[in-house]
Each structure stands twice: as C-alpha cells, then as structure tokens.
Amino acid sequence: MTLWVFGYGSLLWNPGFPVAEQRHARLADYARSFCMRSIHHRGTPEQPGLVLALDQHPGSVCEGLALRAEPGTEDATLTYLRERELVSSAYLERILPVDLADGTRVQAVAYVIDPDHEQYCTLTLDQQATIIARAHGGRGPNPDYLYNTARHLSELGIPDPELDWLVERVRHLNG
C-alpha cells in the first residue's frame with residue numbers, strides 16, 4: 001500500500017514521519033484557511049489560537065505537497081498522524097484525490113475541518129491576525145506556526161497572499 005498525505009500547513013515543514021518523496025500537489029474544492037481555533041498546539045482553551053485547516057469551498061484549489069510515507073511505515077505514519085491531527089476531533093480524516101504537478105492523480109490522506117465542530121470559525125483577516133499575534137500553546141507561539149508555514153510556501157513557490165498579509169500584520173502587531 002502506498003500512503004500519500006496531503007500537506008498544506010505544518011506538515012510542509014514538520015511532517016513528523018519518514019517521507020520517501022514529496023511532490024507539489026493540488027487539492028480541488030478546498031481552501032487553506034485559518035478556520036480552526038487551536039486549544040492544544042497553538043493556543044489554550046482559555047485563549048485559543050488559530051491553525052490552518054482545509055475548508056471545503058467548491059471551485060477553489062489548495063496547493064501544497066503530496067508526501068509519500070517511507071515504505072513499511074504506513075501503519076505507524078497513520079497512527080502518528082491520527083494522534084497529532086485528531087487530538088480534538090475538529091479535523092476529519094479523508095482520502096481525497098490530489099493532482100501532482102506532472103498530471104498524475106493520487107489518493108491522499110487529508111485532514112479537513114468539520115464545519116459543525118465548535119472549534120470551526122470564520123473570521124476576517126484582521127481578527128485572525130489579532131488572535132495569532134497573542135496566542136501560545138503546547139507547541140509554541142502561534143506566530144511561529146504562521147511564519148514557518150508562509151516561509152515554506154514561499155520556498156516551494158506556492159503563493160498565498162492571505163498568509164503573506166497575515167505575516168506582515170502579525171509582525172506589526174507584535175512590534
């Protein structure tokens with residue numbers, strides 16, 4: 001069994017599992033969005049932060065990476081990802097078709113937001129920046145998550161104007 005995982009946020013810079021191959025990929029009908037309140041990794045229940053999630057939006061396309069798990073590590077990789085991504089049940093694990101840069105289509109595990117979950121939110125960019133600027137959780141400051149993701153997207157040649165705007169705004173807010 002070949003296991004592909006779609007990375008669009010922290011999986012770009014911290015997959016946490018042995019990756020045999022990474023390829024540019026596109027996932028149709030989903031958008032990368034700071035639409036999940038983080039109460040564990042980048043915030044607390046008292047002061048939630050925000051993390052990226054795949055939010056279903058027909059007609060949109062999310063660019064990221066398809067990460068192929070090292071052969072023989074598929075079960076361990078899924079166990080790891082479920083412990084990491086499903087900590088609060090706000091994400092739903094899905095197997096979705098992603099298109100690789102060479103035109104190949106593969107089925108990949110992707111973690112998408114549950115729009116009915118209490119951690120789901122829709123906020124303006126200004127509201128997102130204000131939350132991200134001040135939040136801190138078990139895996140560190142929320143701004144670090146934003147900065148790492150934006151930097152890796154830029155290095156990969158994947159444009160995300162909203163993340164770029166958020167980086168500038170959060171830096172301004174944090175002086």
# chains A, B, ... in the order shown; residues from 1 in each chain; ligands from 1
>>> select_by_dssp(residues="stretch 15-145 of chain A", states="strand (DSSP E or B)", output="number ranges by chain")
A: 19-38, 49-69, 91-100, 105-113, 120, 136-137, 140-141
>>> residues_around(residues="A:Leu50", least_positions_apart="4", cutoff="9 Å", atoms="only C-alpha atoms", output="PyMOL selection string")
chain A and resi 34-39+42-43+128+131-132+135+142
>>> select_by_dssp(residues="stretch 21-165 of chain A", states="helix (DSSP H, G or I)", output="count of residues only")
42
>>> atom_distance(atom1="atom CA of A:Arg26", atom2="atom CA of A:Val98")
5.5 Å
>>> residues_around(residues="A:Leu52", least_positions_apart="4", cutoff="12 Å", atoms="only C-alpha atoms", output="VMD selection string")
chain A and resid 7 to 12 30 to 38 41 to 42 62 85 90 to 91 111 to 113 119 to 122 128 132 142 145 to 146 149 to 150 162 to 163
>>> closest_residue(among="A:Gly138, A:Pro161, A:Pro15, A:Gly175", to="A:Leu65", atoms="only C-alpha atoms")
A:Pro15
>>> residues_around(residues="A:Val109", least_positions_apart="4", cutoff="6 Å", atoms="only C-alpha atoms", output="mmCIF file with all heavy atoms, in the first residue's frame")
data_model
loop_
_atom_site.group_PDB
_atom_site.id
_atom_site.type_symbol
_atom_site.label_atom_id
_atom_site.label_comp_id
_atom_site.auth_asym_id
_atom_site.auth_seq_id
_atom_site.Cartn_x
_atom_site.Cartn_y
_atom_site.Cartn_z
ATOM 1 N N VAL A 5 0.113 11.592 1.815
ATOM 2 C CA VAL A 5 -0.509 12.513 2.755
ATOM 3 C C VAL A 5 -0.444 13.901 2.125
ATOM 4 O O VAL A 5 0.604 14.301 1.612
ATOM 5 C CB VAL A 5 0.233 12.512 4.110
ATOM 6 C CG1 VAL A 5 -0.397 13.518 5.074
ATOM 7 C CG2 VAL A 5 0.260 11.109 4.711
ATOM 8 N N ARG A 94 -9.859 12.242 5.716
ATOM 9 C CA ARG A 94 -10.467 11.890 4.430
ATOM 10 C C ARG A 94 -9.388 11.360 3.491
ATOM 11 O O ARG A 94 -8.223 11.744 3.593
ATOM 12 C CB ARG A 94 -11.125 13.110 3.775
ATOM 13 C CG ARG A 94 -12.271 13.689 4.554
ATOM 14 C CD ARG A 94 -13.497 12.779 4.466
ATOM 15 N NE ARG A 94 -14.647 13.357 5.123
ATOM 16 C CZ ARG A 94 -15.130 12.950 6.282
ATOM 17 N NH1 ARG A 94 -14.546 11.980 6.930
ATOM 18 N NH2 ARG A 94 -16.194 13.518 6.798
ATOM 19 N N ILE A 95 -9.798 10.529 2.572
ATOM 20 C CA ILE A 95 -8.948 10.113 1.456
ATOM 21 C C ILE A 95 -9.482 10.879 0.249
ATOM 22 O O ILE A 95 -10.635 10.686 -0.157
ATOM 23 C CB ILE A 95 -9.027 8.592 1.193
ATOM 24 C CG1 ILE A 95 -8.704 7.797 2.468
ATOM 25 C CG2 ILE A 95 -8.105 8.217 0.040
ATOM 26 C CD1 ILE A 95 -7.292 7.928 2.955
#
>>> residues_around(residues="A:Asn174", least_positions_apart="4", cutoff="9 Å", atoms="only C-alpha atoms", output="list in words")
Ala133, Arg134, Arg169 and Val170 of chain A
>>> atom_distance(atom1="atom CA of A:Gln56", atom2="atom CA of A:His117")
13.9 Å
>>> residues_around(residues="stretch 156-159 of chain A", least_positions_apart="5", cutoff="9 Å", atoms="only C-alpha atoms", output="number ranges by chain")
A: 24, 63-64, 150-151, 164
>>> residues_around(residues="A:Met1", least_positions_apart="5", cutoff="10 Å", atoms="only C-alpha atoms", output="PyMOL selection string")
chain A and resi 71-72+74-75
>>> atom_distance(atom1="atom CA of A:Gln22", atom2="atom CA of A:Arg68")
6.2 Å
